[in-house]
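As provided, model.txt (compact mmCIF, C-alpha atoms) reads as follows.
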```txt
# COMPACT_ATOMS: atom_id res chain seq x y z
CA MET A 1435 2.43 -0.04 21.99
CA LYS A 1436 5.61 1.97 21.63
CA TYR A 1437 5.71 4.22 18.53
CA ILE A 1438 1.96 3.84 18.10
CA ASP A 1439 0.22 5.01 21.29
CA GLU A 1440 2.02 8.38 21.33
CA TYR A 1441 0.59 9.11 17.91
CA ARG A 1442 -2.95 8.17 18.90
CA ASP A 1443 -3.02 10.49 21.91
CA THR A 1444 -6.29 12.45 22.11
CA GLU A 1445 -4.69 15.64 23.43
CA GLN A 1446 -2.10 15.50 20.67
CA VAL A 1447 -4.85 15.15 18.08
CA ARG A 1448 -6.84 18.06 19.56
CA SER A 1449 -3.87 20.42 19.55
CA LEU A 1450 -3.10 19.51 15.93
CA VAL A 1451 -6.69 20.25 14.93
CA ARG A 1452 -6.43 23.64 16.70
CA ALA A 1453 -3.15 24.36 14.90
CA ILE A 1454 -4.72 23.45 11.55
CA ARG A 1455 -7.68 25.77 12.22
CA LYS A 1456 -5.27 28.61 12.92
CA VAL A 1457 -3.31 28.34 9.66
CA VAL A 1458 -6.14 27.86 7.18
CA THR A 1459 -7.46 30.94 5.40
CA LYS A 1460 -8.36 29.55 1.96
CA PRO A 1461 -10.07 26.40 0.67
CA TRP A 1462 -7.68 23.52 -0.11
CA HIS A 1463 -7.95 19.98 -1.44
CA ILE A 1464 -5.37 17.53 -0.11
CA MET A 1465 -5.08 13.97 -1.40
CA GLU A 1466 -3.68 11.06 0.55
CA ILE A 1467 -2.46 8.34 -1.78
CA CYS A 1468 -2.23 5.26 0.37
CA GLY A 1469 -5.22 3.04 1.15
CA GLY A 1470 -3.90 2.43 4.67
CA GLN A 1471 -4.07 6.17 5.27
CA THR A 1472 -7.57 6.36 3.76
CA HIS A 1473 -8.67 3.64 6.14
CA ALA A 1474 -7.17 5.41 9.18
CA ILE A 1475 -8.74 8.74 8.15
CA ALA A 1476 -12.19 7.12 8.03
CA ARG A 1477 -11.63 5.05 11.16
CA TYR A 1478 -10.60 8.01 13.32
CA ARG A 1479 -13.11 10.33 11.61
CA LEU A 1480 -10.36 12.85 10.92
CA GLU A 1481 -12.26 14.58 8.10
CA GLU A 1482 -14.96 15.65 10.53
CA MET A 1483 -12.36 17.36 12.75
CA LEU A 1484 -10.95 19.46 9.93
CA PRO A 1485 -12.18 22.97 9.12
CA GLU A 1486 -14.75 23.20 6.28
CA LYS A 1487 -12.17 24.76 4.01
CA VAL A 1488 -9.91 21.71 4.09
CA ARG A 1489 -11.19 18.77 2.05
CA LEU A 1490 -9.45 15.42 1.78
CA LEU A 1491 -9.51 13.47 -1.48
CA HIS A 1492 -8.68 9.78 -1.43
CA GLY A 1493 -6.28 8.49 -4.04
CA PRO A 1494 -5.83 5.16 -5.82
CA GLY A 1495 -3.21 3.67 -3.47
CA CYS A 1496 -4.89 0.43 -2.53
CA PRO A 1497 -3.23 -2.31 -4.62
CA VAL A 1498 -5.99 -4.77 -3.80
CA CYS A 1499 -8.59 -2.36 -5.21
CA VAL A 1500 -6.73 -1.47 -8.41
CA THR A 1501 -5.62 -4.98 -9.40
CA PRO A 1502 -7.36 -5.54 -12.76
CA VAL A 1503 -10.23 -8.00 -13.11
CA GLY A 1504 -8.35 -9.83 -15.88
CA ILE A 1505 -5.50 -10.88 -13.62
CA ILE A 1506 -7.87 -11.95 -10.83
CA ASP A 1507 -9.59 -14.19 -13.37
CA ARG A 1508 -6.16 -15.49 -14.27
CA ALA A 1509 -5.51 -16.33 -10.60
CA LEU A 1510 -8.89 -18.03 -10.37
CA GLY A 1511 -8.16 -20.08 -13.48
CA LEU A 1512 -4.82 -21.20 -12.06
CA ALA A 1513 -6.28 -21.97 -8.63
CA LYS A 1514 -8.60 -24.51 -10.22
CA ARG A 1515 -5.73 -26.52 -11.67
CA GLN A 1516 -5.05 -29.72 -9.75
CA ASP A 1517 -1.30 -29.17 -9.80
CA VAL A 1518 -1.42 -25.60 -8.44
CA ILE A 1519 -1.50 -24.12 -4.95
CA LEU A 1520 -2.52 -20.48 -5.29
CA ALA A 1521 -1.36 -18.34 -2.38
CA SER A 1522 -1.82 -14.66 -1.62
CA PHE A 1523 -2.52 -12.12 1.11
CA GLY A 1524 -5.83 -12.41 2.97
CA ASP A 1525 -6.97 -9.09 1.46
CA MET A 1526 -7.04 -10.62 -2.03
CA MET A 1527 -9.41 -13.44 -1.14
CA ARG A 1528 -12.70 -11.59 -1.45
CA VAL A 1529 -11.85 -9.40 -4.42
CA PRO A 1530 -14.25 -10.27 -7.23
CA GLY A 1531 -13.03 -11.29 -10.64
CA SER A 1532 -15.55 -11.24 -13.46
CA ARG A 1533 -17.48 -14.20 -12.03
CA GLU A 1534 -16.27 -15.14 -8.55
CA ASP A 1535 -13.54 -14.60 -5.98
CA LEU A 1536 -10.72 -16.76 -4.56
CA LEU A 1537 -12.59 -17.59 -1.37
CA ARG A 1538 -15.44 -19.03 -3.40
CA ALA A 1539 -13.03 -20.99 -5.56
CA LYS A 1540 -11.52 -22.36 -2.34
CA ALA A 1541 -14.98 -23.35 -1.11
CA HIS A 1542 -15.39 -25.26 -4.37
CA GLY A 1543 -12.21 -27.23 -3.77
CA ALA A 1544 -9.39 -25.11 -5.19
CA ASP A 1545 -6.22 -25.14 -3.10
CA VAL A 1546 -6.04 -21.47 -2.11
CA ARG A 1547 -3.87 -20.37 0.81
CA MET A 1548 -3.87 -17.09 2.73
CA LEU A 1549 -0.38 -16.08 3.80
CA TYR A 1550 1.06 -13.26 5.91
CA SER A 1551 4.26 -13.06 3.90
CA PRO A 1552 5.44 -14.08 0.40
CA LEU A 1553 8.36 -15.75 2.22
CA ASP A 1554 5.86 -18.25 3.63
CA ALA A 1555 5.08 -19.29 0.04
CA VAL A 1556 8.70 -20.43 -0.35
CA ASP A 1557 8.13 -22.83 2.54
CA LEU A 1558 5.05 -24.15 0.72
CA ALA A 1559 7.21 -24.85 -2.33
CA VAL A 1560 9.56 -26.90 -0.14
CA ARG A 1561 6.71 -28.79 1.49
CA TYR A 1562 4.84 -29.57 -1.75
CA PRO A 1563 7.47 -30.41 -4.37
CA ASP A 1564 4.82 -32.01 -6.63
CA LYS A 1565 2.74 -28.84 -6.76
CA GLN A 1566 3.28 -25.55 -8.53
CA ILE A 1567 3.19 -22.76 -5.94
CA VAL A 1568 1.82 -19.57 -7.48
CA PHE A 1569 2.01 -16.51 -5.27
CA PHE A 1570 -0.41 -13.79 -6.38
CA ALA A 1571 2.06 -10.95 -5.83
CA ILE A 1572 0.19 -7.67 -5.62
CA GLY A 1573 1.45 -4.41 -4.22
CA PHE A 1574 3.09 -1.03 -4.52
CA GLU A 1575 6.77 -0.28 -4.00
CA THR A 1576 6.44 -1.26 -0.32
CA THR A 1577 5.55 -4.86 -1.13
CA ALA A 1578 7.25 -5.39 -4.51
CA PRO A 1579 10.74 -5.91 -3.01
CA VAL A 1580 9.30 -8.35 -0.45
CA HIS A 1581 8.07 -10.47 -3.36
CA MET A 1582 11.54 -10.21 -4.89
CA MET A 1583 13.07 -11.34 -1.60
CA ALA A 1584 10.83 -14.42 -1.65
CA LEU A 1585 11.82 -15.17 -5.25
CA LYS A 1586 15.51 -14.75 -4.41
CA GLU A 1587 15.06 -17.23 -1.58
CA ALA A 1588 13.26 -19.71 -3.87
CA ILE A 1589 16.13 -19.44 -6.36
CA ARG A 1590 18.71 -19.84 -3.58
CA ARG A 1591 16.94 -23.01 -2.48
CA LYS A 1592 16.80 -24.17 -6.13
CA LEU A 1593 13.01 -24.47 -6.09
CA ASP A 1594 11.61 -24.77 -9.57
CA ASN A 1595 7.96 -25.03 -8.50
CA PHE A 1596 7.63 -21.42 -7.40
CA SER A 1597 6.39 -18.48 -9.47
CA LEU A 1598 4.87 -15.04 -9.02
CA LEU A 1599 1.67 -13.80 -10.63
CA THR A 1600 2.53 -10.12 -10.43
CA SER A 1601 0.28 -7.09 -10.22
CA LEU A 1602 2.68 -4.38 -9.12
CA PHE A 1603 2.11 -0.64 -9.14
CA MET A 1604 4.17 2.52 -8.67
CA VAL A 1605 2.96 5.65 -6.90
CA PRO A 1606 4.79 8.51 -8.69
CA PRO A 1607 3.29 7.81 -12.18
CA ALA A 1608 -0.19 7.71 -10.58
CA ILE A 1609 0.42 11.07 -8.89
CA GLU A 1610 1.59 12.47 -12.21
CA ALA A 1611 -1.52 11.09 -13.98
CA ILE A 1612 -3.73 12.78 -11.38
CA LEU A 1613 -1.85 16.08 -11.61
CA THR A 1614 -2.09 16.19 -15.40
CA ASP A 1615 -5.80 15.31 -15.41
CA ALA A 1616 -7.84 18.30 -16.56
CA GLY A 1617 -10.45 17.69 -13.88
CA SER A 1618 -7.98 17.40 -11.03
CA ARG A 1619 -8.59 19.52 -7.93
CA VAL A 1620 -5.64 18.35 -5.85
CA ASP A 1621 -3.62 21.18 -4.27
CA GLY A 1622 -1.27 19.05 -2.20
CA PHE A 1623 -0.37 15.41 -1.60
CA LEU A 1624 0.32 13.32 1.46
CA THR A 1625 2.69 10.72 0.07
CA ALA A 1626 2.55 7.16 1.36
CA GLY A 1627 5.01 6.82 4.23
CA HIS A 1628 5.79 3.15 3.81
CA VAL A 1629 6.26 3.42 0.05
CA CYS A 1630 8.80 6.19 0.72
CA ALA A 1631 10.45 4.05 3.42
CA ILE A 1632 11.51 1.85 0.48
CA THR A 1633 11.91 4.26 -2.44
CA GLY A 1634 13.06 7.36 -0.61
CA ASN A 1635 11.87 10.80 -1.64
CA GLY A 1636 13.81 11.30 -4.89
CA ASP A 1637 10.95 11.09 -7.42
CA TYR A 1638 8.74 13.32 -5.33
CA HIS A 1639 11.15 16.27 -5.44
CA HIS A 1640 10.81 16.27 -9.21
CA LEU A 1641 7.00 16.05 -9.02
CA ALA A 1642 6.71 18.83 -6.41
CA ALA A 1643 8.86 21.18 -8.48
CA ARG A 1644 7.38 20.34 -11.88
CA TYR A 1645 3.74 20.62 -10.80
CA LYS A 1646 4.25 23.25 -8.08
CA THR A 1647 2.49 20.97 -5.59
CA PRO A 1648 3.51 20.27 -1.99
CA MET A 1649 4.28 16.62 -1.20
CA VAL A 1650 4.41 15.67 2.47
CA VAL A 1651 5.67 12.23 3.48
CA THR A 1652 3.11 11.10 6.04
CA GLY A 1653 2.59 8.28 8.51
CA PHE A 1654 -0.47 6.27 9.44
CA GLU A 1655 -1.54 7.14 12.98
CA PRO A 1656 -4.07 9.93 13.63
CA ALA A 1657 -1.44 12.42 14.90
CA ASP A 1658 0.86 11.50 11.98
CA LEU A 1659 -1.90 12.14 9.45
CA LEU A 1660 -2.95 15.45 11.00
CA TYR A 1661 0.69 16.51 11.23
CA GLY A 1662 1.13 15.71 7.52
CA ILE A 1663 -2.01 17.73 6.72
CA TYR A 1664 -0.75 20.60 8.90
CA ARG A 1665 2.67 20.70 7.19
CA CYS A 1666 0.98 20.55 3.78
CA LEU A 1667 -1.35 23.44 4.71
CA LEU A 1668 1.57 25.55 5.95
CA GLN A 1669 3.15 25.17 2.50
CA LEU A 1670 -0.08 25.87 0.62
CA GLU A 1671 -0.87 28.99 2.65
CA ALA A 1672 2.67 30.29 2.14
CA GLY A 1673 2.74 29.45 -1.58
CA ILE A 1674 5.60 26.98 -1.12
CA TYR A 1675 5.84 23.63 -2.88
CA LYS A 1676 8.44 21.12 -1.84
CA VAL A 1677 8.89 17.67 -0.40
CA GLU A 1678 8.69 17.64 3.36
CA ASN A 1679 9.12 14.63 5.62
CA ALA A 1680 6.55 14.43 8.42
CA TYR A 1681 7.34 10.76 9.11
CA LYS A 1682 11.04 10.93 9.83
CA ARG A 1683 11.09 8.09 12.33
CA ALA A 1684 10.40 5.64 9.47
CA VAL A 1685 11.53 7.37 6.29
CA PRO A 1686 15.15 8.27 5.61
CA GLU A 1687 15.67 10.52 2.57
CA GLU A 1688 17.22 7.71 0.51
CA GLY A 1689 14.69 5.05 1.54
CA ASN A 1690 15.95 1.49 1.93
CA PRO A 1691 18.97 0.98 -0.39
CA ALA A 1692 18.97 -2.84 -0.10
CA ALA A 1693 15.31 -3.10 -1.11
CA ARG A 1694 15.81 -0.61 -3.93
CA ALA A 1695 18.79 -2.55 -5.26
CA LEU A 1696 16.74 -5.75 -5.28
CA MET A 1697 13.96 -4.07 -7.26
CA ALA A 1698 16.46 -2.60 -9.72
CA GLU A 1699 18.04 -6.02 -10.23
CA MET A 1700 14.84 -7.99 -10.78
CA LEU A 1701 12.08 -5.66 -11.96
CA GLU A 1702 11.49 -3.36 -14.91
CA SER A 1703 8.74 -0.80 -15.45
CA CYS A 1704 5.79 -1.48 -17.76
CA ASP A 1705 2.44 0.00 -18.72
CA GLN A 1706 -0.10 -1.07 -16.15
CA GLU A 1707 -3.88 -1.25 -16.01
CA TRP A 1708 -5.46 0.06 -12.80
CA ARG A 1709 -8.92 -1.27 -12.03
CA GLY A 1710 -11.37 1.61 -12.26
CA ILE A 1711 -8.89 3.97 -13.88
CA GLY A 1712 -7.44 2.30 -16.97
CA ILE A 1713 -3.89 2.06 -18.25
CA ILE A 1714 -1.31 4.48 -16.83
CA PRO A 1715 1.90 4.41 -18.91
CA GLN A 1716 4.98 3.02 -17.15
CA SER A 1717 3.16 2.78 -13.81
CA GLY A 1718 3.69 -0.93 -13.25
CA MET A 1719 6.54 -3.33 -12.60
CA ARG A 1720 7.20 -6.79 -14.03
CA LEU A 1721 9.98 -9.36 -13.71
CA LYS A 1722 12.92 -8.85 -16.04
CA GLU A 1723 13.53 -11.36 -18.82
CA ALA A 1724 16.25 -13.08 -16.78
CA PHE A 1725 13.57 -14.12 -14.27
CA ALA A 1726 10.89 -15.00 -16.87
CA ARG A 1727 10.68 -18.63 -15.74
CA TYR A 1728 9.49 -17.44 -12.33
CA ASP A 1729 6.83 -15.19 -13.86
CA THR A 1730 3.53 -17.11 -13.69
CA ALA A 1731 2.10 -15.22 -16.65
CA ARG A 1732 4.96 -16.36 -18.88
CA ARG A 1733 5.28 -19.82 -17.34
CA PHE A 1734 1.62 -20.71 -17.78
CA PRO A 1735 0.55 -18.91 -20.96
CA LEU A 1736 -3.16 -18.32 -21.26
CA PRO A 1737 -5.03 -20.90 -23.38
CA ALA A 1738 -5.99 -19.40 -26.75
CA ASP A 1739 -9.74 -19.64 -26.03
CA GLU A 1740 -9.48 -17.66 -22.78
CA GLN A 1741 -9.47 -13.96 -23.56
CA PRO A 1742 -8.33 -11.74 -20.71
CA LEU A 1743 -11.12 -9.55 -19.41
CA CYS A 1744 -10.55 -5.86 -18.98
CA ASP A 1745 -13.34 -4.07 -17.18
CA SER A 1746 -13.43 -1.82 -14.16
CA ALA A 1747 -16.89 -2.59 -12.90
CA PRO A 1748 -18.39 -5.92 -13.88
CA SER A 1749 -21.89 -5.43 -12.50
CA VAL A 1750 -22.79 -1.75 -12.62
CA GLY A 1751 -21.26 -1.19 -16.04
CA ARG A 1752 -18.23 0.87 -16.69
CA GLU A 1753 -20.02 3.98 -17.89
CA ARG A 1754 -22.07 4.39 -14.72
CA CYS A 1755 -19.49 3.47 -12.08
CA ILE A 1756 -17.62 6.59 -10.89
CA ALA A 1757 -14.78 4.67 -9.21
CA GLY A 1758 -12.17 6.16 -11.55
CA ASP A 1759 -13.32 9.72 -10.87
CA ILE A 1760 -13.29 9.05 -7.12
CA MET A 1761 -9.73 7.70 -7.17
CA ARG A 1762 -8.53 10.66 -9.25
CA GLY A 1763 -10.13 13.09 -6.79
CA ILE A 1764 -12.70 14.44 -9.24
CA LYS A 1765 -15.75 12.99 -7.49
CA GLN A 1766 -16.44 11.74 -3.99
CA THR A 1767 -18.04 8.61 -2.64
CA LYS A 1768 -21.11 10.63 -1.61
CA ASP A 1769 -21.71 11.45 -5.29
CA CYS A 1770 -22.24 7.77 -6.14
CA PRO A 1771 -25.87 6.62 -6.47
CA PHE A 1772 -24.86 2.96 -6.01
CA PHE A 1773 -22.98 3.44 -2.73
CA GLY A 1774 -24.34 1.24 0.03
CA THR A 1775 -27.20 -0.02 -2.12
CA TYR A 1776 -26.06 -1.74 -5.28
CA CYS A 1777 -22.40 -1.56 -4.30
CA THR A 1778 -21.45 -2.88 -0.84
CA PRO A 1779 -18.38 -4.61 0.64
CA GLU A 1780 -20.25 -7.93 0.31
CA HIS A 1781 -21.05 -7.28 -3.36
CA PRO A 1782 -18.60 -4.64 -4.55
CA ALA A 1783 -19.10 -3.12 -7.98
CA GLY A 1784 -16.39 -0.46 -8.04
CA ALA A 1785 -12.69 -0.74 -7.22
CA PRO A 1786 -12.73 1.40 -4.00
CA MET A 1787 -15.31 -0.97 -2.47
CA VAL A 1788 -13.40 -4.23 -3.00
CA SER A 1789 -10.97 -3.95 -0.08
CA SER A 1790 -11.26 -2.41 3.39
CA GLU A 1791 -8.60 0.08 2.34
CA GLY A 1792 -10.63 1.42 -0.56
CA VAL A 1793 -12.33 4.69 0.27
CA CYS A 1794 -15.88 3.46 -0.38
CA ALA A 1795 -15.44 0.39 1.82
CA ALA A 1796 -13.85 2.51 4.57
CA TYR A 1797 -16.78 4.97 4.43
CA TYR A 1798 -19.24 2.10 4.44
CA LYS A 1799 -17.68 0.67 7.59
CA TYR A 1800 -17.15 3.84 9.62
CA LYS A 1801 -19.73 6.42 8.50
CA MET B 1475 -2.01 -3.22 2.29
CA CYS B 1476 1.09 -1.12 2.91
CA LEU B 1477 0.71 -1.33 6.66
CA ALA B 1478 3.93 -1.71 8.60
CA ILE B 1479 3.87 -2.29 12.33
CA PRO B 1480 6.62 -1.37 14.80
CA GLY B 1481 7.99 -4.25 16.84
CA LYS B 1482 10.99 -4.89 19.09
CA ILE B 1483 13.70 -7.37 18.09
CA LEU B 1484 14.07 -10.07 20.76
CA SER B 1485 16.75 -12.19 19.08
CA VAL B 1486 18.57 -12.48 15.77
CA ASP B 1487 19.27 -15.61 13.74
CA ASP B 1488 21.93 -14.98 11.10
CA SER B 1489 22.69 -18.62 10.27
CA ILE B 1490 21.68 -17.97 6.64
CA PRO B 1491 23.65 -14.92 5.48
CA GLU B 1492 21.20 -14.22 2.61
CA LEU B 1493 18.19 -14.40 4.90
CA LYS B 1494 18.87 -12.86 8.27
CA MET B 1495 15.88 -13.51 10.52
CA ALA B 1496 14.74 -12.13 13.87
CA LYS B 1497 12.10 -12.84 16.47
CA VAL B 1498 10.14 -9.61 16.74
CA ASP B 1499 7.70 -8.75 19.52
CA PHE B 1500 4.60 -6.81 18.50
CA SER B 1501 3.17 -6.04 21.95
CA GLY B 1502 3.01 -9.67 22.97
CA ILE B 1503 2.68 -11.32 19.57
CA VAL B 1504 6.05 -12.69 18.48
CA LYS B 1505 6.70 -13.31 14.78
CA ASN B 1506 9.67 -14.33 12.66
CA ILE B 1507 10.63 -11.35 10.54
CA CYS B 1508 13.37 -11.12 7.93
CA ILE B 1509 15.78 -8.29 8.78
CA GLN B 1510 18.05 -8.64 5.74
CA TRP B 1511 17.55 -5.03 4.60
CA VAL B 1512 18.11 -3.25 7.89
CA ASP B 1513 21.03 -2.73 10.18
CA ALA B 1514 19.37 -3.71 13.43
CA GLY B 1515 19.96 -5.92 16.43
CA GLU B 1516 18.41 -7.00 19.69
CA GLY B 1517 16.39 -4.25 21.35
CA ASP B 1518 15.93 -2.19 18.18
CA TYR B 1519 12.47 -1.40 16.89
CA VAL B 1520 11.77 -2.22 13.25
CA LEU B 1521 8.79 -1.55 11.00
CA ALA B 1522 7.62 -4.89 9.61
CA HIS B 1523 5.61 -5.27 6.42
CA ALA B 1524 4.54 -8.67 5.05
CA GLY B 1525 7.28 -10.46 6.97
CA MET B 1526 10.12 -8.04 6.12
CA ALA B 1527 11.59 -5.30 8.27
CA ILE B 1528 11.52 -2.32 5.89
CA ALA B 1529 12.99 0.27 8.28
CA VAL B 1530 14.52 0.68 11.70
CA VAL B 1531 12.44 3.08 13.77
CA ASP B 1532 14.66 6.09 14.34
CA ALA B 1533 14.25 6.86 18.07
CA GLU B 1534 15.86 10.30 17.77
CA GLN B 1535 13.58 11.37 14.93
CA ALA B 1536 10.55 9.98 16.77
CA CYS B 1537 11.43 12.20 19.77
CA GLU B 1538 11.93 15.18 17.50
CA THR B 1539 8.48 14.79 15.93
CA LEU B 1540 6.89 14.47 19.36
CA GLU B 1541 8.73 17.65 20.44
CA ASP B 1542 7.37 19.44 17.37
CA LEU B 1543 3.88 18.29 18.27
CA LYS B 1544 4.33 19.47 21.86
CA LYS B 1545 5.31 22.91 20.63
CA LEU B 1546 1.97 23.08 18.80
CA THR B 1547 0.14 22.43 22.08
CA ILE B 1548 1.91 25.35 23.75
CA GLU B 1549 1.47 27.81 20.88
```

Take the structure in the file and write it out as structure tokens.
Amino acid sequence: MKYIDEYRDTEQVRSLVRAIRKVVTKPWHIMEICGGQTHAIARYRLEEMLPEKVRLLHGPGCPVCVTPVGIIDRALGLAKRQDVILASFGDMMRVPGSREDLLRAKAHGADVRMLYSPLDAVDLAVRYPDKQIVFFAIGFETTAPVHMMALKEAIRRKLDNFSLLTSLFMVPPAIEAILTDAGSRVDGFLTAGHVCAITGNGDYHHLAARYKTPMVVTGFEPADLLYGIYRCLLQLEAGIYKVENAYKRAVPEEGNPAARALMAEMLESCDQEWRGIGIIPQSGMRLKEAFARYDTARRFPLPADEQPLCDSAPSVGRERCIAGDIMRGIKQTKDCPFFGTYCTPEHPAGAPMVSSEGVCAAYYKYK
Amino acid sequence: MCLAIPGKILSVDDSIPELKMAKVDFSGIVKNICIQWVDAGEGDYVLAHAGMAIAVVDAEQACETLEDLKKLTIE
């Protein structure tokens, strides 16, 4: 496939590994933020190719993993209503709430649909005018504007039976939370290429300068990832810290202005809970007041007897699950006594095990 | 989740100005993708995420990166 095969070339990968070996003199910790990158790193076994001195840490950038239990329970509650069709991405189906997941609710008769795109949910709203279509809209800055596009289209088509149950996250506040954590060991970041394709690199310049930490915009194929690591190591070894773009074919400096304008028009920042980590101030996005009627949470207020749950690890117990430390780069999956025994992709206990893009699930599959 | 796959635009349907659509070929699998946010036409490669084209693949920059990688092989 054009623009993919070239970046999976074995010889290319080998020469990058050789180049990395040549530049490294000191031990470094580099964190990739995006779950898609974590998955590719595990799949292509890139960590094993790197010199001992270079360690990769795997950040919290899987929106499926970090969506709080409380909102999943909310989705489950809505899915069980006779007048609701609950739709979301396939990845969300097996993520456990406090008692069950969406796939199980579907098996018990709830109308739950797996969709490729939020735009498909608008078609559902047209086809089922008697039903309320709730799209469980999770994501980072890459996906948030796609949800907004779907909502814009629903408004354009004057559909009143469409709303979004949002669980939206932003990368820069998470990076800042990691950098200001006393236990943090991260020397450099690979920033998520497709998030930057939307947002551009603006916020990252500020972070690189303020925290004297290199930030390298990185793609998703093996050669892209190793190239990002290589550029990051060149900076670290030379004592430089700046934003560098190692994924120029997809990321222009200013990102995607149309998508950014849509987000600015419809969304505002808010404090956000991350499953396994807790609340990070101003790290989330929600619909502005003008679009409140399309916000599922405001349209269907929670019954008074249903308290929202807020817990990172329903089965193991919050105090013993190290998911938060793993996602902040303080501990690694191998340090977890529950990995592969009590906590598996079939019965996940911690956030990084709930989706294939979480580091624990990726390790479980490929190691 | 944030995966975006490169595909080639086969045809464009701009009958709805607010929702410009295209048929995009992902190595044999053809899907309808919204191209509202990108300036792209037939033959261009776009990166598609959840039904939206989020970027046009910049052929010149792609070549440049490959050249950089080649230089590493020689060094």

Quick one: residues within 7 Å of B:Met1475, all atoms listed in the file counted, chain neighbours fewer than 2 positions away excluded, as a list in words?
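In the requested format, the answer is Gly1470 and Cys1496 of chain A; Leu1477 of chain B.
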
Separation of atom CA of A:Lys1682 from atom CA of B:Lys1544, in Å and rounded to one decimal
16.2 Å

Show me, as a count of residues only, the residues of chain B whose atoms get within 6 Å of chain A, using all atoms listed in the file for the distance check.
8

Please report the interatomic distance between atom CA of A:Val1568 and atom CA of A:Leu1512 in Å with one decimal.
8.2 Å

Pick from B:Leu1546, B:Thr1539, B:Asp1488, B:Gly1481, whichever lies nearest to A:Asn1679 using all atoms listed in the file:
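Checking each candidate against A:Asn1679, we get B:Thr1539 as the closest.
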
If we count only C-alpha atoms, what is near A:Arg1733 at a cut-off of 12 Å, once residues fewer than 5 positions away on the same chain are taken out, given as a count of residues only?
15

Env of B:Ile1490: 12 Å cut, atoms = all atoms listed in the file, seq-sep filter 4 positions within chain, self excluded. Answer as a list in words.
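Here the answer would be Glu1587, Arg1590 and Arg1591 of chain A; Val1486, Lys1494, Met1495, Ala1496, Cys1508, Ile1509 and Gln1510 of chain B.
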
Give me, please, the distance in Å between atom CA of A:Gly1662 and atom CA of A:Pro1494, quoted to one decimal.
18.4 Å

Which is closer to A:Gln1706 than all the others in A:Ala1521, A:Gln1516, A:Leu1659, A:Pro1607, using all atoms listed in the file?
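Looking only at the distances to A:Gln1706, the closest residue turns out to be A:Pro1607.
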
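If all atoms listed in the file are the atoms counted, then among A:Lys1460, A:Met1761, A:Ile1505, A:Pro1771 the closest residue to A:Gly1673 is A:Lys1460.
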
Residues near stretch 1663-1667 of chain A, cut-off 8 Å, all atoms listed in the file, skip fewer than 4 positions along chain, as a list in words
Leu1450, Ala1453, Ile1454, Val1457, Val1458, Trp1462, Ile1464, Gly1622, Phe1623, Leu1624, Pro1648, Met1649, Val1650, Leu1659, Glu1671, Glu1678 and Ala1680 of chain A

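Each of B:Asp1487, B:Asp1542, B:Asp1518, B:Glu1492 was compared to B:Asn1506 using all atoms listed in the file, and B:Asp1487 turns out to be the nearest.
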
Write out as a PyMOL selection string each polymer residue whose atoms come within 8 Å of A:Gly1758, counting all atoms listed in the file; drop sequence neighbours fewer than 3 positions from it.
chain A and resi 1710-1711+1755+1761-1762
